[in-house]
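*Asks:* Take a look at work29.txt, compact mmCIF, C-alpha atoms and all ligand atoms:
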# COMPACT_ATOMS: atom_id res chain seq x y z
CA MET A 365 35.26 14.78 2.70
CA SER A 366 32.82 14.45 5.56
CA TYR A 367 29.18 15.55 5.57
CA LEU A 368 26.91 16.41 8.51
CA GLY A 369 29.91 16.00 10.78
CA GLU A 370 30.03 12.25 10.11
CA ASP A 371 33.11 10.48 8.82
CA ILE A 372 31.69 7.83 6.47
CA LYS A 373 33.46 5.93 3.70
CA LYS A 374 31.85 5.84 0.27
CA LEU A 375 30.37 2.35 0.60
CA GLY A 376 27.36 1.63 2.82
CA PHE A 377 25.92 -1.81 3.60
CA GLY A 378 22.29 -2.07 2.46
CA LEU A 379 20.48 -4.65 4.59
CA MET A 380 17.61 -5.17 2.13
CA ARG A 381 18.82 -8.30 0.32
CA LEU A 382 20.67 -10.22 3.02
CA PRO A 383 21.62 -13.88 2.52
CA MET A 384 18.67 -16.14 3.40
CA ASN A 385 18.12 -19.69 4.64
CA GLY A 386 14.56 -20.21 3.42
CA GLU A 387 12.42 -17.59 5.17
CA GLU A 388 15.11 -16.67 7.70
CA ILE A 389 18.16 -14.43 7.34
CA ASP A 390 21.42 -16.40 7.32
CA ILE A 391 22.75 -14.54 10.32
CA GLU A 392 26.08 -16.36 10.50
CA GLN A 393 26.96 -15.39 6.93
CA THR A 394 25.68 -11.88 7.64
CA LYS A 395 28.00 -11.63 10.65
CA LYS A 396 30.98 -12.68 8.53
CA MET A 397 30.09 -10.07 5.94
CA VAL A 398 29.75 -7.40 8.62
CA ASP A 399 33.12 -8.36 10.10
CA THR A 400 34.88 -8.03 6.73
CA PHE A 401 33.09 -4.74 6.06
CA MET A 402 34.02 -3.25 9.44
CA SER A 403 37.60 -4.55 9.28
CA LYS A 404 38.14 -2.49 6.13
CA GLY A 405 36.98 0.72 7.81
CA PHE A 406 33.39 0.83 6.52
CA THR A 407 30.79 1.86 9.08
CA TYR A 408 27.39 2.67 7.53
CA PHE A 409 24.38 0.29 7.66
CA ASP A 410 21.05 0.99 6.00
CA THR A 411 17.83 -0.82 6.89
CA ALA A 412 14.10 -0.01 7.00
CA TYR A 413 11.10 -0.91 9.14
CA VAL A 414 9.66 -2.94 6.25
CA TYR A 415 12.80 -4.73 4.98
CA ILE A 416 12.49 -8.52 5.06
CA GLY A 417 9.28 -8.20 7.08
CA GLY A 418 11.10 -6.43 9.93
CA LYS A 419 13.82 -9.07 10.20
CA SER A 420 16.44 -6.78 8.67
CA GLU A 421 16.37 -4.47 11.72
CA VAL A 422 16.76 -7.51 13.98
CA ALA A 423 19.73 -8.67 11.89
CA LEU A 424 21.26 -5.21 12.41
CA LYS A 425 21.10 -5.88 16.16
CA GLU A 426 22.50 -9.41 15.98
CA ALA A 427 25.27 -8.79 13.44
CA VAL A 428 26.30 -5.23 14.33
CA VAL A 429 24.79 -3.59 17.43
CA ASP A 430 25.41 -6.49 19.82
CA ARG A 431 28.95 -7.03 18.52
CA TYR A 432 30.52 -3.59 18.02
CA PRO A 433 30.85 -0.44 20.18
CA ARG A 434 28.00 1.96 19.40
CA GLU A 435 30.32 4.79 18.35
CA SER A 436 32.08 2.57 15.78
CA PHE A 437 29.22 2.50 13.23
CA GLN A 438 26.31 4.54 11.88
CA CYS A 439 22.91 3.10 11.08
CA ALA A 440 19.84 4.31 9.25
CA THR A 441 16.26 3.14 9.13
CA LYS A 442 13.04 4.41 7.57
CA LEU A 443 9.46 5.25 8.50
CA PRO A 444 6.84 3.72 6.14
CA ILE A 445 4.22 6.46 6.34
CA TRP A 446 2.06 4.85 3.63
CA ASP A 447 0.95 2.20 6.15
CA LEU A 448 -0.05 4.55 8.96
CA LYS A 449 -3.63 5.02 10.11
CA GLY A 450 -2.90 7.93 12.46
CA PRO A 451 -0.07 10.18 13.68
CA GLU A 452 0.36 8.23 16.93
CA GLU A 453 1.63 5.23 14.93
CA MET A 454 4.80 7.15 13.96
CA GLU A 455 6.09 6.93 17.52
CA THR A 456 5.10 3.26 17.77
CA ILE A 457 6.95 2.40 14.59
CA PHE A 458 10.04 4.41 15.48
CA GLN A 459 10.21 2.81 18.92
CA THR A 460 9.77 -0.64 17.34
CA SER A 461 12.69 0.11 15.00
CA LEU A 462 14.82 1.09 18.00
CA ASP A 463 13.77 -2.00 19.96
CA ARG A 464 14.31 -4.43 17.09
CA ALA A 465 17.85 -3.13 16.59
CA GLY A 466 18.60 -2.75 20.31
CA LEU A 467 19.41 0.95 19.90
CA SER A 468 18.68 4.11 21.88
CA TYR A 469 19.11 6.28 18.78
CA TYR A 470 19.53 6.02 15.00
CA ASP A 471 22.23 8.07 13.30
CA PHE A 472 20.05 8.65 10.24
CA TYR A 473 16.24 8.46 10.14
CA LEU A 474 14.33 8.72 6.88
CA LEU A 475 10.78 9.10 5.66
CA HIS A 476 10.65 6.12 3.33
CA ALA A 477 10.16 6.28 -0.45
CA MET A 478 8.70 9.77 -0.62
CA ASP A 479 6.79 10.87 -3.70
CA LYS A 480 4.01 13.37 -4.38
CA THR A 481 1.31 11.20 -2.79
CA LYS A 482 3.33 10.45 0.30
CA VAL A 483 4.15 14.13 0.77
CA GLN A 484 0.41 14.73 1.20
CA LYS A 485 0.24 11.90 3.72
CA ALA A 486 3.28 13.30 5.57
CA ASP A 487 1.57 16.70 5.71
CA GLU A 488 -1.63 15.15 7.12
CA LEU A 489 0.30 13.18 9.75
CA LYS A 490 2.61 16.13 10.55
CA ALA A 491 5.46 13.69 9.92
CA TRP A 492 7.90 16.56 9.29
CA ASP A 493 7.32 17.85 12.84
CA PHE A 494 7.69 14.32 14.17
CA MET A 495 11.09 14.02 12.46
CA LYS A 496 12.23 17.37 13.89
CA GLN A 497 11.12 16.24 17.34
CA LEU A 498 13.19 13.04 17.08
CA LYS A 499 16.22 15.13 16.23
CA THR A 500 15.63 17.52 19.13
CA GLN A 501 15.26 14.54 21.46
CA GLY A 502 18.54 13.06 20.18
CA ARG A 503 16.81 9.83 19.14
CA ALA A 504 17.69 10.53 15.50
CA LYS A 505 20.95 12.36 14.88
CA HIS A 506 20.13 13.29 11.29
CA ILE A 507 16.77 13.41 9.50
CA GLY A 508 16.01 13.07 5.80
CA PHE A 509 14.04 11.02 3.31
CA SER A 510 14.44 8.52 0.53
CA PHE A 511 12.86 9.58 -2.72
CA HIS A 512 11.26 8.15 -5.86
CA ASP A 513 9.68 10.83 -8.01
CA SER A 514 10.55 13.71 -10.35
CA ALA A 515 13.12 16.42 -9.73
CA GLU A 516 10.25 18.91 -9.62
CA VAL A 517 8.68 17.13 -6.62
CA LEU A 518 12.10 16.91 -4.95
CA ASP A 519 12.56 20.65 -5.43
CA GLU A 520 9.17 21.28 -3.79
CA ILE A 521 10.03 19.13 -0.77
CA LEU A 522 13.48 20.62 -0.25
CA SER A 523 12.10 24.15 -0.59
CA ALA A 524 9.31 23.47 1.92
CA HIS A 525 11.47 21.51 4.37
CA PRO A 526 14.94 22.97 4.88
CA GLU A 527 15.09 20.94 8.10
CA MET A 528 15.67 17.81 6.00
CA GLU A 529 19.44 17.37 6.22
CA PHE A 530 19.99 14.80 3.49
CA VAL A 531 18.19 12.91 0.76
CA GLN A 532 18.56 9.33 -0.43
CA LEU A 533 18.32 9.10 -4.21
CA GLN A 534 18.25 6.35 -6.77
CA ILE A 535 21.28 7.06 -8.95
CA ASN A 536 23.09 4.86 -11.43
CA TYR A 537 24.75 5.44 -14.76
CA ALA A 538 22.00 3.69 -16.72
CA ASP A 539 19.28 5.93 -15.23
CA TRP A 540 21.33 9.14 -15.22
CA GLU A 541 19.37 10.59 -18.15
CA ASP A 542 16.27 8.37 -17.77
CA GLU A 543 13.12 10.49 -17.86
CA ASN A 544 11.24 8.29 -15.37
CA VAL A 545 13.94 7.95 -12.72
CA GLN A 546 15.60 11.35 -13.41
CA SER A 547 18.85 10.48 -11.61
CA ARG A 548 20.75 13.49 -12.95
CA LYS A 549 17.96 15.99 -12.46
CA CYS A 550 17.27 14.81 -8.89
CA TYR A 551 20.98 14.87 -8.06
CA GLU A 552 21.33 18.41 -9.43
CA THR A 553 18.27 19.50 -7.46
CA ALA A 554 19.80 18.20 -4.22
CA ARG A 555 23.06 19.98 -5.06
CA LYS A 556 21.16 23.21 -5.76
CA HIS A 557 19.69 23.02 -2.24
CA ASN A 558 23.12 22.13 -0.84
CA VAL A 559 21.70 18.90 0.61
CA PRO A 560 24.10 15.93 0.68
CA VAL A 561 23.02 12.72 -1.01
CA ILE A 562 23.03 9.08 -0.06
CA ILE A 563 22.87 6.95 -3.17
CA MET A 564 20.75 3.81 -3.41
CA GLU A 565 20.48 1.28 -6.24
CA PRO A 566 23.89 2.13 -7.77
CA VAL A 567 23.84 -1.26 -9.49
CA LYS A 568 20.12 -0.92 -10.32
CA GLY A 569 19.01 -3.87 -8.19
CA GLY A 570 21.82 -6.03 -9.60
CA SER A 571 20.98 -5.30 -13.25
CA LEU A 572 24.26 -3.51 -13.86
CA ALA A 573 26.14 -6.57 -12.63
CA THR A 574 24.69 -8.95 -15.22
CA MET A 575 25.21 -6.91 -18.32
CA PRO A 576 24.93 -8.05 -21.94
CA PRO A 577 28.13 -9.68 -23.25
CA GLN A 578 29.20 -6.70 -25.36
CA ILE A 579 29.20 -4.43 -22.29
CA GLN A 580 31.01 -6.97 -20.13
CA GLU A 581 33.67 -7.18 -22.85
CA LEU A 582 33.94 -3.39 -23.02
CA PHE A 583 34.59 -3.14 -19.27
CA LYS A 584 36.95 -6.10 -19.18
CA ALA A 585 38.99 -4.68 -22.07
CA ALA A 586 39.34 -1.36 -20.22
CA GLU A 587 40.16 -2.82 -16.75
CA PRO A 588 40.68 -6.60 -16.82
CA GLU A 589 40.96 -6.87 -13.02
CA MET A 590 37.81 -4.90 -12.18
CA SER A 591 34.36 -6.49 -11.85
CA VAL A 592 31.42 -5.26 -13.92
CA PRO A 593 29.46 -3.91 -10.89
CA SER A 594 32.55 -2.01 -9.69
CA TRP A 595 32.03 0.44 -12.55
CA ALA A 596 28.52 1.20 -11.32
CA VAL A 597 29.47 1.75 -7.68
CA ARG A 598 32.53 3.85 -8.50
CA TYR A 599 30.49 5.94 -10.94
CA CYS A 600 28.18 6.95 -8.08
CA ALA A 601 30.92 7.37 -5.47
CA SER A 602 32.75 9.75 -7.84
CA LEU A 603 29.95 12.32 -7.66
CA GLU A 604 30.41 15.41 -5.46
CA GLY A 605 28.23 15.84 -2.39
CA VAL A 606 27.69 12.13 -1.80
CA ILE A 607 27.73 10.90 1.81
CA THR A 608 27.89 7.24 0.83
CA VAL A 609 26.77 4.73 -1.80
CA LEU A 610 24.59 1.86 -0.60
CA SER A 611 25.03 -1.61 -1.95
CA GLY A 612 22.49 -4.29 -1.01
CA MET A 613 24.94 -7.13 -0.57
CA SER A 614 23.58 -10.69 -0.58
CA ASN A 615 26.68 -12.84 -0.12
CA GLU A 616 30.33 -12.76 0.85
CA ALA A 617 31.57 -12.73 -2.76
CA GLN A 618 29.66 -9.52 -3.52
CA LEU A 619 30.90 -7.92 -0.33
CA ASP A 620 34.50 -8.97 -0.94
CA ASP A 621 34.37 -7.51 -4.43
CA ASN A 622 32.84 -4.22 -3.24
CA VAL A 623 35.32 -3.68 -0.41
CA SER A 624 38.27 -4.59 -2.65
CA TYR A 625 37.87 -1.49 -4.81
CA MET A 626 36.13 0.79 -2.29
CA GLU A 627 38.61 0.40 0.57
CA HIS A 628 41.00 2.81 -1.15
CA PHE A 629 38.43 4.40 -3.42
CA GLN A 630 39.62 6.29 -6.47
CA PRO A 631 37.13 8.38 -8.49
CA LEU A 632 36.66 7.42 -12.15
CA THR A 633 39.23 8.94 -14.49
CA GLY A 634 38.16 10.82 -17.61
CA GLU A 635 38.95 7.77 -19.70
CA GLU A 636 36.90 5.52 -17.42
CA ARG A 637 33.95 7.91 -17.66
CA GLU A 638 34.15 7.61 -21.44
CA THR A 639 34.01 3.83 -21.11
CA VAL A 640 30.86 4.10 -18.99
CA GLY A 641 29.42 6.43 -21.64
CA LYS A 642 30.00 3.78 -24.28
CA ALA A 643 28.26 1.17 -22.10
CA VAL A 644 25.24 3.47 -21.76
CA GLU A 645 25.11 3.87 -25.54
CA ILE A 646 24.97 0.09 -25.94
CA LEU A 647 22.33 -0.22 -23.21
CA ARG A 648 20.12 2.32 -24.94
CA THR A 649 19.83 -0.02 -27.86
CA LEU A 650 18.38 -2.81 -25.66
CA PRO A 651 14.69 -2.55 -24.67
CA THR A 652 14.75 -3.96 -21.12
CA ILE A 653 12.20 -3.35 -18.35
CA PRO A 654 13.70 -0.89 -15.80
CA CYS A 655 12.67 -2.90 -12.72
CA THR A 656 14.93 -2.47 -9.64
CA LYS A 657 13.36 -5.40 -7.73
CA CYS A 658 12.24 -3.10 -4.91
CA LYS A 659 9.11 -5.31 -4.60
CA TYR A 660 6.82 -2.42 -3.68
CA CYS A 661 4.36 -3.82 -6.24
CA VAL A 662 4.17 -7.33 -4.81
CA ASP A 663 2.31 -7.09 -1.49
CA GLY A 664 -0.87 -5.60 -2.92
CA CYS A 665 -1.24 -8.03 -5.83
CA PRO A 666 -4.43 -10.10 -5.34
CA GLN A 667 -3.04 -12.75 -7.71
CA LYS A 668 0.26 -13.07 -5.81
CA ILE A 669 2.24 -12.53 -8.99
CA ASN A 670 6.01 -12.29 -8.47
CA ILE A 671 6.29 -9.30 -10.78
CA PRO A 672 10.01 -8.43 -10.34
CA GLU A 673 11.18 -11.99 -10.97
CA ILE A 674 8.97 -12.30 -14.04
CA PHE A 675 10.50 -9.05 -15.31
CA ALA A 676 13.98 -10.38 -14.57
CA ALA A 677 13.22 -13.39 -16.77
CA LYS A 678 11.86 -11.10 -19.48
CA ASN A 679 15.00 -8.94 -19.35
CA GLN A 680 17.19 -12.03 -19.43
CA TYR A 681 15.45 -12.96 -22.65
CA THR A 682 15.85 -9.45 -24.08
CA LEU A 683 19.54 -9.26 -23.24
CA TYR A 684 20.71 -12.77 -24.08
CA ASN A 685 18.03 -14.08 -26.44
CA ASN A 686 18.25 -17.41 -24.62
CA ILE A 687 14.64 -18.65 -24.46
CA ASP A 688 15.45 -21.88 -22.57
CA GLY A 689 17.33 -20.11 -19.77
CA ALA A 690 14.73 -17.34 -19.58
CA LYS A 691 11.89 -19.88 -19.45
CA ARG A 692 13.59 -21.65 -16.55
CA SER A 693 13.81 -18.33 -14.71
CA TYR A 694 10.15 -17.69 -15.50
CA GLU A 695 9.10 -21.12 -14.15
CA ASN A 696 10.97 -20.36 -10.92
CA ALA A 697 9.31 -16.95 -10.71
CA VAL A 698 5.77 -18.39 -10.95
CA LYS A 699 6.36 -21.54 -8.87
CA GLU A 700 4.78 -20.15 -5.70
CA GLY A 701 2.51 -17.42 -7.08
CA GLY A 702 0.38 -16.42 -10.02
CA LYS A 703 1.47 -16.61 -13.65
CA ALA A 704 1.80 -13.50 -15.80
CA SER A 705 -1.50 -14.40 -17.48
CA ASP A 706 -3.28 -14.55 -14.09
CA CYS A 707 -3.15 -10.73 -13.91
CA ILE A 708 -6.69 -9.32 -13.58
CA GLN A 709 -5.51 -5.80 -14.50
CA CYS A 710 -6.63 -4.25 -11.21
CA GLY A 711 -3.73 -1.74 -11.38
CA ALA A 712 -2.77 -1.97 -7.68
CA CYS A 713 0.85 -2.72 -8.58
CA GLU A 714 1.32 0.19 -10.98
CA ALA A 715 0.27 2.69 -8.29
CA HIS A 716 3.23 1.54 -6.15
CA CYS A 717 5.96 1.26 -8.79
CA PRO A 718 8.62 3.97 -8.29
CA GLN A 719 9.91 3.26 -11.81
CA HIS A 720 6.45 3.93 -13.32
CA ILE A 721 6.59 0.69 -15.27
CA GLU A 722 3.52 -0.29 -17.28
CA ILE A 723 3.35 -3.56 -15.36
CA ILE A 724 0.11 -4.86 -16.86
CA GLU A 725 1.36 -4.44 -20.44
CA MET A 726 4.73 -5.99 -19.60
CA LEU A 727 3.05 -9.00 -17.97
CA LYS A 728 1.03 -9.55 -21.16
CA LYS A 729 4.29 -9.62 -23.12
CA ALA A 730 5.90 -12.01 -20.62
CA ALA A 731 2.89 -14.32 -20.89
CA ALA A 732 3.22 -14.28 -24.67
CA ASP A 733 6.93 -15.13 -24.48
CA PHE A 734 6.89 -17.76 -21.76
CA GLU A 735 3.48 -19.43 -21.44
S1 LIG B 801 -2.65 -5.44 -12.14
FE1 LIG B 801 -2.18 -7.62 -12.23
S2 LIG B 801 -0.10 -7.78 -11.45
FE2 LIG B 801 -0.87 -5.77 -10.86
S3 LIG B 801 -1.69 -6.05 -8.79
FE3 LIG B 801 -3.40 -6.36 -10.22
S4 LIG B 801 -3.43 -8.55 -10.64
FE4 LIG B 801 -1.44 -8.10 -9.69
S1 LIG B 802 7.87 -3.57 -11.05
FE1 LIG B 802 8.27 -1.59 -10.07
S2 LIG B 802 7.51 -1.80 -7.97
FE2 LIG B 802 7.71 -3.87 -8.82
S3 LIG B 802 9.73 -4.54 -8.19
FE3 LIG B 802 9.94 -3.67 -10.23
S4 LIG B 802 10.50 -1.53 -9.86
FE4 LIG B 802 9.69 -2.32 -7.92
Could you write out this structure as structure tokens?

*Replies:*
Amino acid sequence: MSYLGEDIKKLGFGLMRLPMNGEEIDIEQTKKMVDTFMSKGFTYFDTAYVYIGGKSEVALKEAVVDRYPRESFQCATKLPIWDLKGPEEMETIFQTSLDRAGLSYYDFYLLHAMDKTKVQKADELKAWDFMKQLKTQGRAKHIGFSFHDSAEVLDEILSAHPEMEFVQLQINYADWEDENVQSRKCYETARKHNVPVIIMEPVKGGSLATMPPQIQELFKAAEPEMSVPSWAVRYCASLEGVITVLSGMSNEAQLDDNVSYMEHFQPLTGEERETVGKAVEILRTLPTIPCTKCKYCVDGCPQKINIPEIFAAKNQYTLYNNIDGAKRSYENAVKEGGKASDCIQCGACEAHCPQHIEIIEMLKKAAADFE
């Protein structure tokens, strides 16, 4: 089924966590991944002005735009309105995104990470009018926004802005009924407005790939040949009204796995849905921190604390009860920045966390476990 007149398969390539050589993107490995992806008929690439300090949009140029005919792929990028000092900067940023990627237009252009606060900012900047203007000019074929807030806020935006053609939502089976993320409620709100959805974080920033042993065993018993993350991606791709499901692929193995089951995608069967339901039941019994590693909390931290990696170590400990392994992960997480106990409780991070995590409290617990 196609949406917005675009023929897009149900797997999109998220360019947020590309393979790295130190500070630089490993462009040769990225090119190989792009070639495999395109050779299997996949065409959608998702980046953002802020991803990898702007280098992600440049990688889009080097790995895709310079190497494939323009009509053979679709690409999306996003406008970070939280950074803007005035409305004139919207044009500057959009043009920079075009220039970095070597494009004359984007297929999909999004207001990035919208929530209640950013809606106010978008109103002040008249960002909605700016988006409409890009569409009229043909510099953005489709306009929409990515979203991190409650279904109520989503309903308000979609009611006020019918010109928004699509919405990018954080959906995964673990967060489907989560009251903070509200995957199901947000999805149902988009469906109510008849707005197609692009799904991000189907594997919850990689968390649904490294599951506790009892869940891995459950999935392996049901489908021995299928990987653990395949359940998460197929769960999302099985939903109605979904344009595509983005996966932030970091190496060739992840990409090969994803394309293997998404090339000839089959929706989950009833029995498979029951298996996912059982996995969710097990997950509910484990008190992990719901961090997606989006890193929105990191830049503003005066103590340079690597919050998502500290939380990954904490979750590793919660899931596997392996203090030595978790401590090693913690040491790596604090090697180049502050320790959990260096937090001065300024609260800057919590204001940016789309998952509404009580970061300060969780850091205190991590310090108690690991320091
Ligand atoms: S509250 Fe702590 S972790 Fe958060 S930004 Fe401030 S110092 Fe950093
Ligand atoms: S703590 Fe929140 S803002 Fe920071 S990386 Fe995790 S989910 Fe993102």

*Asks:* With a distance cut-off of 9 Å and only C-alpha atoms, select the neighbouring residues of Ile372 in chain A, excluding the residue or stretch itself and same-chain residues fewer than 5 positions from it, and output the selection as a list of chain:residue names.

*Replies:* A:Met365, A:Ser366, A:Tyr367, A:Gly405, A:Phe406, A:Thr407, A:Tyr408, A:Phe437, A:Gln438, A:Ile607, A:Thr608

*Asks:* Please, which residues in chain A fall within 9 Å of ligand LIG 801 (chain B) when counting only C-alpha atoms and all ligand atoms, and what is the closest atom pair and distance in Å to one decimal for each, ordered by chain then residue number, as CSV?

*Replies:*
residue,atom,partner,partner_atom,distance
A:Cys661,CA,B:LIG801,S3,6.9
A:Val662,CA,B:LIG801,S3,7.2
A:Asp663,CA,B:LIG801,S3,8.4
A:Gly664,CA,B:LIG801,S3,5.9
A:Cys665,CA,B:LIG801,S3,3.6
A:Pro666,CA,B:LIG801,S4,5.6
A:Gln667,CA,B:LIG801,S4,5.1
A:Lys668,CA,B:LIG801,FE4,6.5
A:Ile669,CA,B:LIG801,FE4,5.8
A:Asn670,CA,B:LIG801,S2,8.2
A:Ile671,CA,B:LIG801,S2,6.6
A:Gly702,CA,B:LIG801,FE4,8.5
A:Ala704,CA,B:LIG801,S2,7.4
A:Ser705,CA,B:LIG801,FE1,8.6
A:Asp706,CA,B:LIG801,S4,6.9
A:Cys707,CA,B:LIG801,FE1,3.7
A:Ile708,CA,B:LIG801,S4,4.5
A:Gln709,CA,B:LIG801,S1,3.7
A:Cys710,CA,B:LIG801,FE3,4.0
A:Gly711,CA,B:LIG801,S1,3.9
A:Ala712,CA,B:LIG801,S3,4.4
A:Cys713,CA,B:LIG801,FE2,4.2
A:Glu714,CA,B:LIG801,FE2,6.4
A:Ala715,CA,B:LIG801,FE2,8.9
A:Ile723,CA,B:LIG801,FE2,6.6
A:Ile724,CA,B:LIG801,S1,5.5
A:Leu727,CA,B:LIG801,S2,7.3

*Asks:* Enumerate residues in contact with ligand LIG 802 (chain B): an atom-to-atom distance of at most 7 Å, counting only C-alpha atoms and all ligand atoms. Format the result as an MDAnalysis selection string.

*Replies:* chainID A and resid 654:662 671:672 713 716:721 723

*Asks:* For a cut-off of 6 Å around (8.5, 3.8, 9.1), file coordinates, pick out all residues using only C-alpha atoms and list them as a short mmCIF file (atom, residue, chain, number, x, y, z; two decimals) with C-alpha atoms, keeping the file's coordinate frame.

*Replies:*
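Produced file part_38.cif, reproduced below:
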data_model
loop_
_atom_site.label_atom_id
_atom_site.label_comp_id
_atom_site.auth_asym_id
_atom_site.auth_seq_id
_atom_site.Cartn_x
_atom_site.Cartn_y
_atom_site.Cartn_z
CA TYR A 413 11.10 -0.91 9.14
CA LYS A 442 13.04 4.41 7.57
CA LEU A 443 9.46 5.25 8.50
CA PRO A 444 6.84 3.72 6.14
CA ILE A 445 4.22 6.46 6.34
CA ILE A 457 6.95 2.40 14.59
#

*Asks:* If we count only C-alpha atoms, what is near range 381-398 of chain A at a cut-off of 9 Å, once residues fewer than 2 positions away on the same chain are taken out, given as a list of chain:residue names?

*Replies:*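 Final neighbour list, sorted by chain and number: A:Phe377, A:Gly378, A:Leu379, A:Thr400, A:Phe401, A:Met402, A:Ser403, A:Tyr415, A:Ile416, A:Lys419, A:Ser420, A:Ala423, A:Glu426, A:Ala427, A:Val428, A:Gly612, A:Met613, A:Ser614, A:Asn615, A:Glu616, A:Leu619, A:Asp620.
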
*Asks:* Work out how far apart CA of Arg648 in chain A and CA of Glu722 in chain A are and give it in Å to one decimal.

*Replies:*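 CA of Glu722 in chain A lies 18.5 Å from CA of Arg648 in chain A.
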
*Asks:* Looking at A:Gly466, A:Gly369, A:Gly450, A:Gly508, which one is nearest to Met478 in chain A, with distances taken over all atoms listed in the file?

*Replies:*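 The shortest atom-to-atom distance to Met478 in chain A comes from A:Gly508.
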
*Asks:* Residues near range 675-689 of chain A, anyone? I mean within 6 Å using only C-alpha atoms, not counting same-chain ones fewer than 4 positions away, as a VMD selection string.

*Replies:* chain A and resid 576 652 693 to 694

*Asks:* Tell me, in Å to one decimal, how far CA of Glu527 in chain A is from CA of Arg548 in chain A.

*Replies:*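 That distance, rounded to one decimal, is 23.0 Å.
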
*Asks:* Using only C-alpha atoms, pick whichever of A:Tyr470, A:Trp446, A:Tyr432, A:Phe530 has the shortest atom-to-atom distance to Thr411 in chain A.

*Replies:*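 Among the listed residues, the smallest separation from Thr411 in chain A belongs to A:Tyr470.
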
*Asks:* List as a PDB file with C-alpha atoms, in the coordinates of the input the residues having at least one atom at most 10 Å from position (32.4, 7.9, -15.1) as given in the file, counting only C-alpha atoms.

*Replies:*
ATOM      1  CA  TYR A 537      24.750   5.440 -14.760  1.00  0.00           C
ATOM      2  CA  TRP A 595      32.030   0.440 -12.550  1.00  0.00           C
ATOM      3  CA  ALA A 596      28.520   1.200 -11.320  1.00  0.00           C
ATOM      4  CA  ARG A 598      32.530   3.850  -8.500  1.00  0.00           C
ATOM      5  CA  TYR A 599      30.490   5.940 -10.940  1.00  0.00           C
ATOM      6  CA  CYS A 600      28.180   6.950  -8.080  1.00  0.00           C
ATOM      7  CA  ALA A 601      30.920   7.370  -5.470  1.00  0.00           C
ATOM      8  CA  SER A 602      32.750   9.750  -7.840  1.00  0.00           C
ATOM      9  CA  LEU A 603      29.950  12.320  -7.660  1.00  0.00           C
ATOM     10  CA  PRO A 631      37.130   8.380  -8.490  1.00  0.00           C
ATOM     11  CA  LEU A 632      36.660   7.420 -12.150  1.00  0.00           C
ATOM     12  CA  THR A 633      39.230   8.940 -14.490  1.00  0.00           C
ATOM     13  CA  GLY A 634      38.160  10.820 -17.610  1.00  0.00           C
ATOM     14  CA  GLU A 635      38.950   7.770 -19.700  1.00  0.00           C
ATOM     15  CA  GLU A 636      36.900   5.520 -17.420  1.00  0.00           C
ATOM     16  CA  ARG A 637      33.950   7.910 -17.660  1.00  0.00           C
ATOM     17  CA  GLU A 638      34.150   7.610 -21.440  1.00  0.00           C
ATOM     18  CA  THR A 639      34.010   3.830 -21.110  1.00  0.00           C
ATOM     19  CA  VAL A 640      30.860   4.100 -18.990  1.00  0.00           C
ATOM     20  CA  GLY A 641      29.420   6.430 -21.640  1.00  0.00           C
TER      21      GLY A 641
END
